[in-house]
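Pasted below: structure-v3.txt, compact mmCIF, C-alpha atoms.
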```txt
# COMPACT_ATOMS: atom_id res chain seq x y z
CA MET A 1 52.42 -207.08 -77.81
CA ARG A 2 53.58 -203.94 -76.03
CA GLY A 3 51.42 -201.81 -78.31
CA MET A 4 48.35 -203.90 -77.48
CA VAL A 5 48.99 -203.52 -73.74
CA TRP A 6 49.34 -199.77 -74.17
CA PHE A 7 46.11 -199.61 -76.16
CA ALA A 8 44.20 -201.68 -73.57
CA LEU A 9 45.46 -199.52 -70.70
CA SER A 10 44.61 -196.31 -72.58
CA LEU A 11 41.12 -197.56 -73.41
CA GLY A 12 40.51 -198.61 -69.80
CA SER A 13 41.74 -195.24 -68.56
CA ALA A 14 39.35 -193.40 -70.88
CA LEU A 15 36.37 -195.52 -69.84
CA PHE A 16 37.04 -195.11 -66.12
CA GLN A 17 37.55 -191.37 -66.51
CA VAL A 18 34.11 -191.06 -68.09
CA LEU A 19 32.59 -193.06 -65.21
CA ARG A 20 34.45 -190.90 -62.72
CA ASN A 21 33.08 -187.73 -64.33
CA MET A 22 29.56 -189.15 -64.18
CA VAL A 23 29.90 -189.88 -60.47
CA MET A 24 31.46 -186.47 -59.81
CA LYS A 25 28.56 -184.73 -61.57
CA ARG A 26 26.07 -186.71 -59.50
CA LEU A 27 27.84 -185.96 -56.21
CA GLY A 28 28.32 -182.32 -57.14
CA HIS A 29 24.54 -181.88 -57.24
CA ALA A 30 23.81 -184.12 -54.25
CA LEU A 31 26.49 -182.60 -51.96
CA ASP A 32 28.95 -179.94 -53.12
CA GLU A 33 32.08 -179.74 -55.24
CA THR A 34 34.57 -179.52 -52.35
CA ILE A 35 33.62 -182.73 -50.55
CA ASN A 36 33.30 -184.27 -54.01
CA VAL A 37 36.99 -183.55 -54.66
CA TRP A 38 37.93 -184.64 -51.14
CA GLY A 39 36.22 -188.00 -51.59
CA ARG A 40 37.92 -188.62 -54.91
CA PHE A 41 41.40 -188.23 -53.43
CA THR A 42 40.74 -189.83 -50.04
CA PHE A 43 38.84 -193.02 -50.82
CA ILE A 44 41.40 -194.14 -53.40
CA LEU A 45 44.25 -194.16 -50.87
CA PRO A 46 43.65 -197.70 -49.45
CA PHE A 47 43.67 -199.16 -52.95
CA ALA A 48 46.80 -197.21 -53.87
CA ALA A 49 48.47 -198.37 -50.65
CA LEU A 50 47.71 -201.96 -51.61
CA GLY A 51 49.63 -201.44 -54.85
CA VAL A 52 52.66 -200.14 -52.96
CA TRP A 53 52.43 -203.06 -50.52
CA VAL A 54 52.58 -205.49 -53.45
CA ASP A 55 55.19 -203.57 -55.45
CA GLY A 56 57.39 -202.44 -52.56
CA VAL A 57 58.58 -198.99 -51.48
CA PRO A 58 61.34 -197.66 -53.76
CA ARG A 59 64.33 -195.55 -52.85
CA LEU A 60 63.35 -191.89 -52.88
CA GLY A 61 65.33 -188.74 -53.48
CA PRO A 62 64.46 -185.17 -52.53
CA ALA A 63 63.33 -184.39 -56.08
CA THR A 64 60.56 -186.98 -55.77
CA TRP A 65 58.86 -185.08 -52.96
CA TRP A 66 59.06 -181.79 -54.85
CA TYR A 67 57.31 -183.38 -57.81
CA CYS A 68 54.71 -184.83 -55.43
CA LEU A 69 53.96 -181.33 -54.15
CA LEU A 70 53.76 -179.92 -57.68
CA PHE A 71 51.44 -182.74 -58.71
CA GLY A 72 49.27 -182.25 -55.64
CA VAL A 73 48.74 -178.55 -56.26
CA SER A 74 48.08 -178.82 -60.01
CA GLN A 75 45.88 -181.92 -59.71
CA LEU A 76 43.86 -180.43 -56.84
CA VAL A 77 43.17 -177.16 -58.66
CA GLY A 78 42.33 -179.02 -61.87
CA THR A 79 39.97 -181.40 -60.11
CA GLN A 80 38.23 -178.59 -58.24
CA CYS A 81 37.68 -176.77 -61.54
CA LEU A 82 36.41 -179.98 -63.13
CA ALA A 83 33.92 -180.51 -60.30
CA LEU A 84 32.63 -176.96 -60.73
CA ALA A 85 32.42 -177.44 -64.50
CA LEU A 86 30.40 -180.64 -64.13
CA LYS A 87 28.07 -178.84 -61.75
CA HIS A 88 27.38 -175.94 -64.14
CA ALA A 89 27.55 -177.53 -67.60
CA GLU A 90 26.53 -180.63 -69.53
CA ILE A 91 28.81 -183.61 -68.98
CA SER A 92 29.21 -184.30 -72.70
CA LEU A 93 30.42 -180.76 -73.37
CA VAL A 94 32.68 -180.76 -70.31
CA THR A 95 34.28 -184.06 -71.29
CA ALA A 96 34.90 -182.87 -74.83
CA LEU A 97 36.32 -179.48 -73.91
CA TRP A 98 38.42 -181.03 -71.17
CA LYS A 99 40.31 -182.96 -73.87
CA LEU A 100 42.12 -179.74 -74.71
CA SER A 101 44.55 -180.95 -72.06
CA VAL A 102 45.79 -183.45 -74.67
CA LEU A 103 47.06 -180.57 -76.79
CA LEU A 104 48.69 -178.96 -73.78
CA LEU A 105 50.29 -182.27 -72.83
CA VAL A 106 52.22 -182.29 -76.09
CA VAL A 107 53.84 -178.99 -75.12
CA TRP A 108 54.51 -179.99 -71.51
CA GLY A 109 55.89 -183.37 -72.53
CA PHE A 110 58.26 -181.78 -75.03
CA LEU A 111 59.50 -179.09 -72.63
CA PHE A 112 59.90 -181.15 -69.43
CA LEU A 113 60.34 -184.75 -70.62
CA GLY A 114 61.89 -184.26 -74.05
CA GLU A 115 59.16 -186.35 -75.69
CA ARG A 116 58.51 -185.88 -79.39
CA PRO A 117 55.15 -187.15 -80.64
CA THR A 118 55.01 -189.30 -83.75
CA VAL A 119 53.02 -188.42 -86.85
CA TRP A 120 50.17 -190.61 -85.61
CA GLY A 121 50.36 -188.92 -82.24
CA VAL A 122 50.06 -185.47 -83.78
CA ALA A 123 47.16 -186.72 -85.91
CA GLY A 124 45.39 -188.00 -82.78
CA VAL A 125 45.82 -184.63 -81.05
CA LEU A 126 44.40 -182.82 -84.07
CA VAL A 127 41.41 -185.17 -84.14
CA CYS A 128 40.71 -184.38 -80.47
CA VAL A 129 40.95 -180.63 -81.05
CA ALA A 130 38.73 -180.86 -84.15
CA GLY A 131 36.16 -182.85 -82.17
CA VAL A 132 36.07 -180.18 -79.46
CA TYR A 133 35.50 -177.49 -82.09
CA LEU A 134 32.70 -179.40 -83.86
CA ILE A 135 30.86 -180.15 -80.63
CA ASN A 136 30.92 -176.50 -79.61
CA VAL A 137 29.80 -175.27 -83.03
CA SER A 138 26.92 -177.76 -83.23
CA ARG A 139 25.80 -176.72 -79.75
CA ALA A 140 25.92 -172.98 -80.48
CA ARG A 141 24.38 -173.13 -83.99
CA ILE A 142 25.15 -169.47 -84.52
CA SER A 143 28.54 -168.86 -86.12
CA VAL A 144 32.04 -170.27 -86.27
CA TRP A 145 33.07 -167.82 -83.55
CA ALA A 146 30.39 -169.02 -81.13
CA PRO A 147 32.70 -171.44 -79.22
CA LEU A 148 35.09 -168.60 -78.40
CA VAL A 149 32.19 -166.46 -77.21
CA SER A 150 30.77 -169.29 -75.09
CA LEU A 151 34.12 -169.71 -73.33
CA ILE A 152 33.72 -166.15 -72.07
CA ARG A 153 30.02 -166.25 -71.21
CA ASP A 154 29.51 -169.81 -69.95
CA PRO A 155 31.01 -170.37 -66.46
CA GLY A 156 30.92 -174.14 -66.93
CA GLN A 157 33.16 -173.94 -69.98
CA ARG A 158 35.52 -171.53 -68.24
CA TYR A 159 35.92 -173.99 -65.38
CA THR A 160 36.51 -176.77 -67.92
CA LEU A 161 39.23 -174.78 -69.65
CA ALA A 162 40.88 -174.08 -66.30
CA ALA A 163 40.72 -177.80 -65.48
CA ALA A 164 42.48 -178.63 -68.75
CA LEU A 165 45.20 -176.04 -68.06
CA PHE A 166 46.02 -177.57 -64.66
CA TYR A 167 45.55 -181.22 -65.59
CA ALA A 168 48.21 -181.14 -68.31
CA PRO A 169 51.15 -180.35 -66.00
CA SER A 170 49.84 -182.73 -63.33
CA VAL A 171 50.14 -185.64 -65.79
CA VAL A 172 53.75 -184.68 -66.50
CA PHE A 173 54.52 -184.41 -62.79
CA ILE A 174 53.08 -187.81 -61.88
CA LYS A 175 54.98 -189.40 -64.76
CA LYS A 176 58.15 -187.81 -63.38
CA ILE A 177 57.36 -189.31 -59.97
CA ALA A 178 56.86 -192.72 -61.57
CA LEU A 179 60.20 -192.43 -63.37
CA LEU A 180 61.99 -191.47 -60.16
CA SER A 181 60.28 -194.21 -58.08
CA LYS A 182 57.59 -196.67 -59.19
CA PRO A 183 54.15 -196.19 -60.78
CA SER A 184 52.34 -197.58 -57.74
CA PHE A 185 54.19 -195.23 -55.41
CA ALA A 186 53.52 -192.30 -57.74
CA VAL A 187 49.77 -192.87 -57.42
CA LEU A 188 49.86 -193.25 -53.62
CA SER A 189 52.17 -190.31 -52.90
CA GLY A 190 50.52 -187.97 -55.38
CA TYR A 191 46.98 -188.59 -54.18
CA ALA A 192 48.06 -188.54 -50.54
CA VAL A 193 49.40 -185.01 -51.07
CA CYS A 194 46.14 -184.04 -52.78
CA ALA A 195 44.10 -185.45 -49.89
CA ALA A 196 46.25 -183.62 -47.34
CA LEU A 197 45.86 -180.33 -49.19
CA VAL A 198 42.09 -180.54 -49.72
CA THR A 199 41.12 -181.87 -46.25
CA PRO A 200 41.33 -178.48 -44.44
CA LEU A 201 39.27 -176.86 -47.19
CA ALA A 202 36.69 -179.65 -47.03
CA LEU A 203 36.42 -179.36 -43.25
CA TYR A 204 35.88 -175.62 -43.57
CA ARG A 205 33.43 -175.55 -46.48
CA SER A 206 31.72 -178.95 -46.42
CA ARG A 207 31.74 -180.20 -42.84
CA ARG A 208 27.94 -180.34 -42.83
CA HIS A 209 28.09 -183.09 -45.47
CA PHE A 210 30.48 -185.42 -43.64
CA GLY A 211 27.60 -186.91 -41.69
CA GLN A 212 26.11 -188.23 -44.92
CA ILE A 213 29.15 -190.34 -45.81
CA GLY A 214 28.30 -193.18 -43.43
CA ARG A 215 24.64 -193.42 -44.36
CA THR A 216 23.57 -196.75 -45.78
CA GLY A 217 21.42 -197.26 -48.80
CA SER A 218 21.72 -198.12 -52.44
CA PRO A 219 22.85 -195.35 -54.79
CA SER A 220 20.24 -194.13 -57.22
CA TRP A 221 21.28 -193.95 -60.85
CA ASP A 222 18.13 -192.18 -61.96
CA TRP A 223 19.60 -188.80 -62.81
CA ALA A 224 16.43 -187.29 -64.17
CA PRO A 225 15.23 -184.29 -62.16
CA SER A 226 12.47 -185.06 -59.71
CA PRO A 227 9.05 -183.53 -60.41
CA PRO A 228 8.12 -180.44 -58.41
CA SER A 229 6.37 -181.08 -55.14
CA ARG A 230 2.66 -180.25 -54.82
CA PRO A 231 1.88 -177.27 -52.59
CA SER A 232 0.60 -178.19 -49.14
CA SER A 233 -2.62 -176.24 -49.72
CA GLU A 234 -3.50 -178.33 -52.72
CA PRO A 235 -5.85 -181.19 -51.83
CA PRO A 236 -4.67 -184.74 -52.51
CA PRO A 237 -5.88 -186.31 -55.76
CA THR A 238 -9.12 -188.29 -55.53
CA ARG A 239 -9.47 -191.76 -56.92
```

Entire entry expressed as structure tokens:
Amino acid sequence: MRGMVWFALSLGSALFQVLRNMVMKRLGHALDETINVWGRFTFILPFAALGVWVDGVPRLGPATWWYCLLFGVSQLVGTQCLALALKHAEISLVTALWKLSVLLLVVWGFLFLGERPTVWGVAGVLVCVAGVYLINVSRARISVWAPLVSLIRDPGQRYTLAAALFYAPSVVFIKKIALLSKPSFAVLSGYAVCAALVTPLALYRSRRHFGQIGRTGSPSWDWAPSPPSRPSSEPPPTR
């Protein structure tokens, strides 16, 4: 029963992460990456606070706040890199390359949490890494070394790699917060620190976009590029 719950939660997490990346790519083109990151951390706070209200506020030690700060910095940098990657590269490639964080999580989990993956866990990590390699090779269609070359030449893939490097420790830090307090409080405190850190940057770089937050209207899910506008000197088409 416990294994089924874990599988359902993991599957739901993967699905919602894909949806989140789709929305972040859309907002990155419509606005900019900084207010994109700010919105991700800020608008989740009321929902996270509801979880703490239901679950209760746990007793907190000084180590909890240090881990909150470490999570905030690593998660903020990773999310900013992810937003830039989604803006410059294809979402399918970004999502695949971003899964390198799974491999890094094995190392971080072993060093900081003392976790040892099972044989099936190691096999799952290897499958993820192999999938990343195959996607890059099929995209390049040049040689087996093409993925390594594209990491140097393609800015979108460089941002994706940076996102994976910072996301891995952030997962370990938020798990540490959850172990020291409660999972609901870990989400609220971690994202509150992220929101506090990114707000000054958003006000400096993206203040012109804040006026668009309150605009009404239905979101458009047609992500195809709009056709180029006709020059003003061109006469309108006749019927």

Between CA of Ile177 (chain A) and CA of Thr64 (chain A), what distance in Å does the model show, to one decimal? 5.8 Å

CA of Gly109 (chain A) to CA of Gly61 (chain A), distance in Å rounded to a single decimal: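 That distance, rounded to one decimal, is 21.9 Å.
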
Of the candidates A:Cys68, A:Leu111, A:Met4, A:Val77, which one gets nearest to Tyr167 (chain A) if we count only C-alpha atoms?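 Under the stated criterion, the closest residue is A:Val77.
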
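From CA of Ala89 (chain A) back to CA of Gly156 (chain A), the distance works out to 4.8 Å.
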
Kindly provide, as an MDAnalysis selection string, the polymer residues lying within 12 Å of (32.2, -172.4, -68.2), counting only C-alpha atoms and using the coordinates exactly as they appear in the file. chainID A and resid 81:91 93:94 97:98 147:163

Residue contacts of Ile44 (chain A) (10 Å, all atoms listed in the file) excluding same-chain residues fewer than 4 positions away, as a ChimeraX atom specification: /A:39-40,48-49,187-188,191-192,195

Pick from A:Val57, A:Leu103, A:Leu45, A:Leu50 nearest to Pro169 (chain A), counting all atoms listed in the file: A:Leu103
